[in-house]
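Content type CSV, N, CA and C atoms, from the file coords_18.csv:
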chain,number,residue,atom,x,y,z
A,1,MET,N,23.7,8.1,22.0
A,1,MET,CA,22.5,7.9,22.8
A,1,MET,C,22.6,8.5,24.2
A,2,PRO,N,23.8,8.7,24.8
A,2,PRO,CA,23.8,9.3,26.1
A,2,PRO,C,23.2,10.7,26.2
A,3,GLU,N,23.2,11.4,25.0
A,3,GLU,CA,22.7,12.8,25.1
A,3,GLU,C,21.1,12.8,25.2
A,4,PHE,N,20.5,11.7,24.9
A,4,PHE,CA,19.0,11.6,25.0
A,4,PHE,C,18.7,11.4,26.5
A,5,VAL,N,19.6,10.8,27.3
A,5,VAL,CA,19.4,10.5,28.7
A,5,VAL,C,19.6,11.7,29.5
A,6,ASN,N,20.5,12.6,29.1
A,6,ASN,CA,20.9,13.8,29.8
A,6,ASN,C,19.7,14.8,29.9
A,7,PRO,N,19.1,15.0,31.1
A,7,PRO,CA,17.9,15.9,31.2
A,7,PRO,C,18.2,17.4,31.0
A,8,THR,N,19.4,17.8,31.0
A,8,THR,CA,19.7,19.2,30.9
A,8,THR,C,19.7,19.7,29.4
A,9,ARG,N,19.9,18.8,28.5
A,9,ARG,CA,19.9,19.1,27.1
A,9,ARG,C,18.5,18.9,26.5
A,10,THR,N,17.9,19.9,25.9
A,10,THR,CA,16.6,19.7,25.3
A,10,THR,C,16.7,19.4,23.8
A,11,HIS,N,15.9,18.6,23.3
A,11,HIS,CA,15.8,18.2,21.9
A,11,HIS,C,14.4,18.5,21.4
A,12,GLY,N,14.4,19.0,20.2
A,12,GLY,CA,13.2,19.2,19.5
A,12,GLY,C,12.7,17.9,18.9
A,13,LEU,N,11.5,17.9,18.5
A,13,LEU,CA,10.9,16.7,17.9
A,13,LEU,C,11.6,16.5,16.5
A,14,VAL,N,11.9,17.5,15.9
A,14,VAL,CA,12.6,17.4,14.5
A,14,VAL,C,14.0,16.8,14.7
A,15,ASP,N,14.7,17.1,15.7
A,15,ASP,CA,16.0,16.5,15.9
A,15,ASP,C,15.9,15.0,16.2
A,16,ILE,N,14.9,14.7,17.0
A,16,ILE,CA,14.8,13.2,17.4
A,16,ILE,C,14.3,12.5,16.1
A,17,LEU,N,13.4,13.0,15.4
A,17,LEU,CA,12.9,12.4,14.2
A,17,LEU,C,14.0,12.2,13.1
A,18,ASP,N,14.8,13.3,13.0
A,18,ASP,CA,16.0,13.2,12.1
A,18,ASP,C,16.9,12.1,12.5
A,19,ARG,N,17.2,11.9,13.7
A,19,ARG,CA,18.1,10.9,14.2
A,19,ARG,C,17.5,9.5,14.0
A,20,VAL,N,16.2,9.4,14.3
A,20,VAL,CA,15.6,8.1,14.1
A,20,VAL,C,15.6,7.7,12.6
A,21,LEU,N,15.2,8.6,11.8
A,21,LEU,CA,15.2,8.3,10.3
A,21,LEU,C,16.6,8.0,9.8
A,22,ASP,N,17.6,8.7,10.3
A,22,ASP,CA,19.0,8.5,9.9
A,22,ASP,C,19.5,7.2,10.3
A,23,LYS,N,19.4,6.9,11.6
A,23,LYS,CA,19.9,5.6,12.2
A,23,LYS,C,19.0,4.4,12.1
A,24,GLY,N,17.7,4.7,12.2
A,24,GLY,CA,16.7,3.6,12.2
A,24,GLY,C,16.3,3.2,13.6
A,25,LEU,N,15.1,2.7,13.7
A,25,LEU,CA,14.6,2.3,15.0
A,25,LEU,C,13.8,0.9,14.7
A,26,VAL,N,14.1,-0.1,15.6
A,26,VAL,CA,13.5,-1.3,15.5
A,26,VAL,C,12.7,-1.6,16.7
A,27,ILE,N,11.4,-2.0,16.6
A,27,ILE,CA,10.6,-2.3,17.7
A,27,ILE,C,10.1,-3.8,17.4
A,28,ALA,N,10.3,-4.6,18.4
A,28,ALA,CA,9.9,-6.0,18.3
A,28,ALA,C,9.2,-6.5,19.5
A,29,GLY,N,8.2,-7.2,19.3
A,29,GLY,CA,7.4,-7.7,20.5
A,29,GLY,C,6.5,-8.8,20.1
A,30,ASP,N,6.1,-9.6,21.1
A,30,ASP,CA,5.2,-10.7,20.9
A,30,ASP,C,4.0,-10.5,21.8
A,31,ILE,N,2.8,-10.8,21.3
A,31,ILE,CA,1.6,-10.8,22.1
A,31,ILE,C,1.0,-12.2,22.1
A,32,LYS,N,0.8,-12.8,23.2
A,32,LYS,CA,0.2,-14.2,23.3
A,32,LYS,C,-1.0,-14.1,24.2
A,33,ILE,N,-2.1,-14.8,23.7
A,33,ILE,CA,-3.3,-14.9,24.5
A,33,ILE,C,-3.5,-16.3,24.8
A,34,ASN,N,-3.5,-16.7,26.1
A,34,ASN,CA,-3.7,-18.0,26.5
A,34,ASN,C,-5.0,-18.1,27.3
A,35,LEU,N,-5.7,-19.3,27.2
A,35,LEU,CA,-6.8,-19.5,28.1
A,35,LEU,C,-6.7,-21.0,28.6
A,36,ALA,N,-6.6,-21.1,29.9
A,36,ALA,CA,-6.4,-22.4,30.5
A,36,ALA,C,-5.2,-23.2,29.9
A,37,ASN,N,-4.1,-22.5,29.8
A,37,ASN,CA,-2.8,-23.1,29.2
A,37,ASN,C,-3.0,-23.5,27.8
A,38,VAL,N,-3.9,-23.0,27.1
A,38,VAL,CA,-4.1,-23.2,25.6
A,38,VAL,C,-3.8,-21.9,24.9
A,39,GLU,N,-2.9,-22.0,24.1
A,39,GLU,CA,-2.5,-20.7,23.3
A,39,GLU,C,-3.6,-20.5,22.2
A,40,LEU,N,-4.3,-19.4,22.4
A,40,LEU,CA,-5.3,-19.1,21.4
A,40,LEU,C,-4.9,-18.2,20.3
A,41,LEU,N,-4.0,-17.3,20.6
A,41,LEU,CA,-3.5,-16.3,19.6
A,41,LEU,C,-2.1,-15.9,19.9
A,42,THR,N,-1.3,-15.8,18.8
A,42,THR,CA,0.0,-15.2,19.0
A,42,THR,C,0.2,-14.2,17.9
A,43,ILE,N,0.6,-13.0,18.2
A,43,ILE,CA,0.9,-12.0,17.3
A,43,ILE,C,2.4,-11.6,17.5
A,44,GLN,N,3.1,-11.6,16.4
A,44,GLN,CA,4.5,-11.2,16.4
A,44,GLN,C,4.6,-9.9,15.7
A,45,VAL,N,5.1,-8.9,16.4
A,45,VAL,CA,5.2,-7.5,15.8
A,45,VAL,C,6.7,-7.2,15.6
A,46,ARG,N,7.0,-6.8,14.4
A,46,ARG,CA,8.3,-6.4,14.0
A,46,ARG,C,8.1,-5.1,13.3
A,47,LEU,N,8.7,-4.0,13.8
A,47,LEU,CA,8.5,-2.7,13.1
A,47,LEU,C,9.9,-2.0,12.9
A,48,LEU,N,10.1,-1.6,11.7
A,48,LEU,CA,11.3,-0.8,11.4
A,48,LEU,C,11.0,0.6,10.9
A,49,VAL,N,11.5,1.6,11.6
A,49,VAL,CA,11.2,2.9,11.2
A,49,VAL,C,12.6,3.5,10.8
A,50,CYS,N,12.7,3.9,9.5
A,50,CYS,CA,13.9,4.6,9.0
A,50,CYS,C,13.5,5.3,7.7
A,51,SER,N,14.5,6.0,7.2
A,51,SER,CA,14.3,6.7,5.9
A,51,SER,C,14.4,5.7,4.8
A,52,ILE,N,14.0,6.1,3.6
A,52,ILE,CA,14.0,5.2,2.5
A,52,ILE,C,15.5,5.0,2.1
A,53,ASP,N,16.3,6.0,2.2
A,53,ASP,CA,17.8,5.8,1.9
A,53,ASP,C,18.4,4.8,2.8
A,54,LYS,N,18.1,4.9,4.1
A,54,LYS,CA,18.6,3.9,5.1
A,54,LYS,C,18.1,2.5,4.8
A,55,ALA,N,16.8,2.4,4.5
A,55,ALA,CA,16.2,1.1,4.2
A,55,ALA,C,16.9,0.4,3.0
A,56,GLU,N,17.2,1.2,1.9
A,56,GLU,CA,17.9,0.7,0.8
A,56,GLU,C,19.3,0.3,1.1
A,57,GLN,N,19.9,1.1,2.0
A,57,GLN,CA,21.3,0.8,2.4
A,57,GLN,C,21.4,-0.6,3.1
A,58,ILE,N,20.4,-1.0,3.8
A,58,ILE,CA,20.4,-2.3,4.5
A,58,ILE,C,19.7,-3.4,3.7
A,59,GLY,N,19.3,-3.0,2.5
A,59,GLY,CA,18.8,-4.1,1.6
A,59,GLY,C,17.3,-4.2,1.5
A,60,LEU,N,16.6,-3.3,2.1
A,60,LEU,CA,15.1,-3.3,2.0
A,60,LEU,C,14.6,-2.4,0.9
A,61,ASN,N,13.9,-3.0,-0.1
A,61,ASN,CA,13.4,-2.2,-1.2
A,61,ASN,C,12.1,-2.9,-1.7
A,62,TRP,N,11.3,-3.6,-0.9
A,62,TRP,CA,10.2,-4.3,-1.3
A,62,TRP,C,9.1,-3.4,-1.9
A,63,TRP,N,9.1,-2.2,-1.6
A,63,TRP,CA,8.0,-1.3,-2.1
A,63,TRP,C,8.2,-1.0,-3.6
A,64,ARG,N,9.4,-1.2,-4.1
A,64,ARG,CA,9.7,-0.9,-5.5
A,64,ARG,C,8.9,-1.9,-6.4
A,65,ASN,N,8.7,-3.2,-6.0
A,65,ASN,CA,8.1,-4.2,-6.8
A,65,ASN,C,6.7,-4.5,-6.4
A,66,ASP,N,6.1,-3.8,-5.4
A,66,ASP,CA,4.8,-4.1,-4.9
A,66,ASP,C,3.8,-3.4,-5.8
A,67,PRO,N,2.9,-4.1,-6.5
A,67,PRO,CA,2.0,-3.5,-7.4
A,67,PRO,C,1.0,-2.6,-6.7
A,68,ARG,N,0.7,-2.8,-5.5
A,68,ARG,CA,-0.3,-2.0,-4.7
A,68,ARG,C,0.3,-0.6,-4.4
A,69,LEU,N,1.6,-0.6,-4.3
A,69,LEU,CA,2.3,0.7,-3.9
A,69,LEU,C,2.9,1.4,-5.1
A,70,SER,N,3.1,0.8,-6.2
A,70,SER,CA,3.7,1.5,-7.4
A,70,SER,C,2.5,2.2,-8.2
A,71,MET,N,2.8,3.4,-8.7
A,71,MET,CA,1.9,4.2,-9.4
A,71,MET,C,1.8,3.7,-10.8
A,72,PRO,N,0.6,3.6,-11.4
A,72,PRO,CA,0.5,3.2,-12.8
A,72,PRO,C,1.2,4.2,-13.7
A,73,ALA,N,1.6,3.8,-14.8
A,73,ALA,CA,2.3,4.7,-15.8
A,73,ALA,C,1.3,5.7,-16.3
A,74,THR,N,1.7,6.9,-16.3
A,74,THR,CA,0.9,8.0,-16.9
A,74,THR,C,1.5,8.4,-18.2
A,75,GLY,N,0.6,8.9,-19.1
A,75,GLY,CA,1.1,9.3,-20.4
A,75,GLY,C,0.3,8.7,-21.5
A,76,ALA,N,0.8,8.6,-22.7
A,76,ALA,CA,0.1,8.2,-23.8
A,76,ALA,C,-0.4,6.8,-23.8
A,77,ALA,N,0.3,5.9,-23.1
A,77,ALA,CA,-0.1,4.5,-23.0
A,77,ALA,C,-1.3,4.3,-22.2
A,78,ALA,N,-1.5,5.1,-21.1
A,78,ALA,CA,-2.6,4.9,-20.2
A,78,ALA,C,-3.9,5.4,-20.8
A,79,ILE,N,-3.8,6.5,-21.6
A,79,ILE,CA,-5.0,7.2,-22.1
A,79,ILE,C,-5.8,6.3,-23.1
A,80,PRO,N,-5.2,5.7,-24.1
A,80,PRO,CA,-6.0,4.9,-25.0
A,80,PRO,C,-6.8,3.7,-24.3
A,81,ASP,N,-6.2,3.1,-23.3
A,81,ASP,CA,-6.8,2.1,-22.5
A,81,ASP,C,-8.0,2.6,-21.8
A,82,LEU,N,-7.9,3.8,-21.3
A,82,LEU,CA,-9.0,4.5,-20.6
A,82,LEU,C,-10.1,4.8,-21.6
A,83,ASP,N,-9.7,5.4,-22.7
A,83,ASP,CA,-10.7,5.7,-23.8
A,83,ASP,C,-11.4,4.5,-24.3
A,84,ALA,N,-10.7,3.4,-24.5
A,84,ALA,CA,-11.4,2.2,-24.9
A,84,ALA,C,-12.4,1.7,-23.9
A,85,ARG,N,-12.0,1.7,-22.7
A,85,ARG,CA,-12.9,1.2,-21.6
A,85,ARG,C,-14.2,2.1,-21.5
A,86,LEU,N,-13.9,3.4,-21.7
A,86,LEU,CA,-15.1,4.4,-21.6
A,86,LEU,C,-16.0,4.2,-22.8
A,87,THR,N,-15.4,3.9,-24.0
A,87,THR,CA,-16.2,3.7,-25.2
A,87,THR,C,-17.1,2.4,-25.0
A,88,ARG,N,-16.5,1.3,-24.5
A,88,ARG,CA,-17.3,0.1,-24.2
A,88,ARG,C,-18.4,0.3,-23.2
A,89,ILE,N,-18.1,1.1,-22.2
A,89,ILE,CA,-19.2,1.4,-21.2
A,89,ILE,C,-20.3,2.2,-21.8
A,90,GLU,N,-20.0,3.2,-22.6
A,90,GLU,CA,-21.0,4.0,-23.3
A,90,GLU,C,-21.8,3.2,-24.2
A,91,GLN,N,-21.2,2.2,-24.9
A,91,GLN,CA,-21.9,1.3,-25.8
A,91,GLN,C,-22.9,0.4,-25.1
A,92,GLN,N,-22.4,-0.1,-23.9
A,92,GLN,CA,-23.3,-0.9,-23.1
A,92,GLN,C,-24.5,-0.1,-22.6
A,93,LEU,N,-24.2,1.1,-22.1
A,93,LEU,CA,-25.3,2.0,-21.6
A,93,LEU,C,-26.3,2.3,-22.7
A,94,THR,N,-25.8,2.5,-24.0
A,94,THR,CA,-26.7,2.8,-25.1
A,94,THR,C,-27.6,1.6,-25.4
A,95,ARG,N,-27.0,0.4,-25.4
A,95,ARG,CA,-27.8,-0.8,-25.6
A,95,ARG,C,-28.9,-1.0,-24.5
A,96,LEU,N,-28.5,-0.7,-23.3
A,96,LEU,CA,-29.4,-0.9,-22.2
A,96,LEU,C,-30.6,0.2,-22.2
A,97,ALA,N,-30.3,1.3,-22.8
A,97,ALA,CA,-31.3,2.4,-22.9
A,97,ALA,C,-32.2,2.2,-24.0
A,98,GLN,N,-32.0,1.3,-24.9
A,98,GLN,CA,-32.9,1.1,-26.1
A,98,GLN,C,-34.2,0.5,-25.6
A,99,PRO,N,-35.2,0.6,-26.4
A,99,PRO,CA,-36.5,0.0,-26.0
A,99,PRO,C,-36.4,-1.5,-25.7
A,100,THR,N,-37.3,-2.1,-25.0
A,100,THR,CA,-37.2,-3.5,-24.5
A,100,THR,C,-36.9,-4.5,-25.6
A,101,GLY,N,-37.7,-4.4,-26.7
A,101,GLY,CA,-37.5,-5.4,-27.7
A,101,GLY,C,-36.1,-5.3,-28.3
A,102,SER,N,-35.6,-4.1,-28.6
A,102,SER,CA,-34.3,-3.9,-29.2
A,102,SER,C,-33.2,-4.3,-28.2
A,103,ALA,N,-33.4,-4.1,-26.9
A,103,ALA,CA,-32.3,-4.4,-25.9
A,103,ALA,C,-32.2,-5.9,-25.8
A,104,SER,N,-33.3,-6.6,-25.9
A,104,SER,CA,-33.1,-8.1,-25.7
A,104,SER,C,-32.5,-8.7,-27.0
A,105,GLU,N,-32.8,-8.1,-28.2
A,105,GLU,CA,-32.1,-8.6,-29.4
A,105,GLU,C,-30.6,-8.3,-29.4
A,106,SER,N,-30.2,-7.1,-28.9
A,106,SER,CA,-28.8,-6.8,-28.9
A,106,SER,C,-28.1,-7.6,-27.8
A,107,VAL,N,-28.8,-7.9,-26.7
A,107,VAL,CA,-28.1,-8.8,-25.7
A,107,VAL,C,-27.9,-10.2,-26.2
A,108,SER,N,-29.0,-10.7,-26.9
A,108,SER,CA,-28.8,-12.1,-27.5
A,108,SER,C,-27.7,-12.1,-28.6
A,109,LYS,N,-27.6,-11.0,-29.4
A,109,LYS,CA,-26.6,-11.0,-30.4
A,109,LYS,C,-25.2,-11.0,-29.7
A,110,SER,N,-25.0,-10.2,-28.6
A,110,SER,CA,-23.7,-10.1,-28.0
A,110,SER,C,-23.4,-11.3,-27.3
A,111,SER,N,-24.4,-12.1,-26.8
A,111,SER,CA,-24.1,-13.4,-26.1
A,111,SER,C,-23.7,-14.5,-27.1
A,112,ARG,N,-24.1,-14.3,-28.3
A,112,ARG,CA,-23.7,-15.3,-29.3
A,112,ARG,C,-22.2,-15.2,-29.8
A,113,LYS,N,-21.7,-14.0,-29.6
A,113,LYS,CA,-20.3,-13.7,-30.0
A,113,LYS,C,-19.3,-14.5,-29.3

Starting from the file, give its structure as structure tokens.
Amino acid sequence: MPEFVNPTRTHGLVDILDRVLDKGLVIAGDIKINLANVELLTIQVRLLVCSIDKAEQIGLNWWRNDPRLSMPATGAAAIPDLDARLTRIEQQLTRLAQPTGSASESVSKSSRK
């Protein structure tokens, strides 16, 4: 860290970013909003900036099991589901496009199922 304080040595942004991602950087802070000695809001901020390899080294891997961050499986299993959904939507649109008498009959038939 002393080399960052030395003003004679210049560092590029890439060098600094490489070091931060390799070693990691933790930023922690609290924000409190008080009004007349009554605490209205407290925000605790904890931020860790590091590479994925470093995060896994220290035991962080929550992104592997988060369904919002994991990509759905692509391939043969995903396509039939998509085709089935598309077929159902097309059938519903066809029923809705039928003349009024036929549409009400098909809706009543489908609601009985």

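CA of Lys32 in chain A to CA of Val45 in chain A spans 11.2 Å [interatomic distance, one decimal].
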
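With distances restricted to only C-alpha atoms, A:Asp30 is the closest residue to Ile43 in chain A from A:Asp83, A:Trp63, A:Asp30, A:Gln92.
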
Report, in Å to a single decimal, how far apart CA of Leu13 in chain A and CA of Leu48 in chain A are. 18.7 Å

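The spacing separating CA of Cys50 in chain A from CA of Arg68 in chain A amounts to 20.8 Å.
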
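With only N, CA and C atoms as the atoms that count, the residue of A:Val38, A:Ala55, A:Ala84, A:Ala97 with the shortest distance to Gly24 in chain A is A:Ala55.
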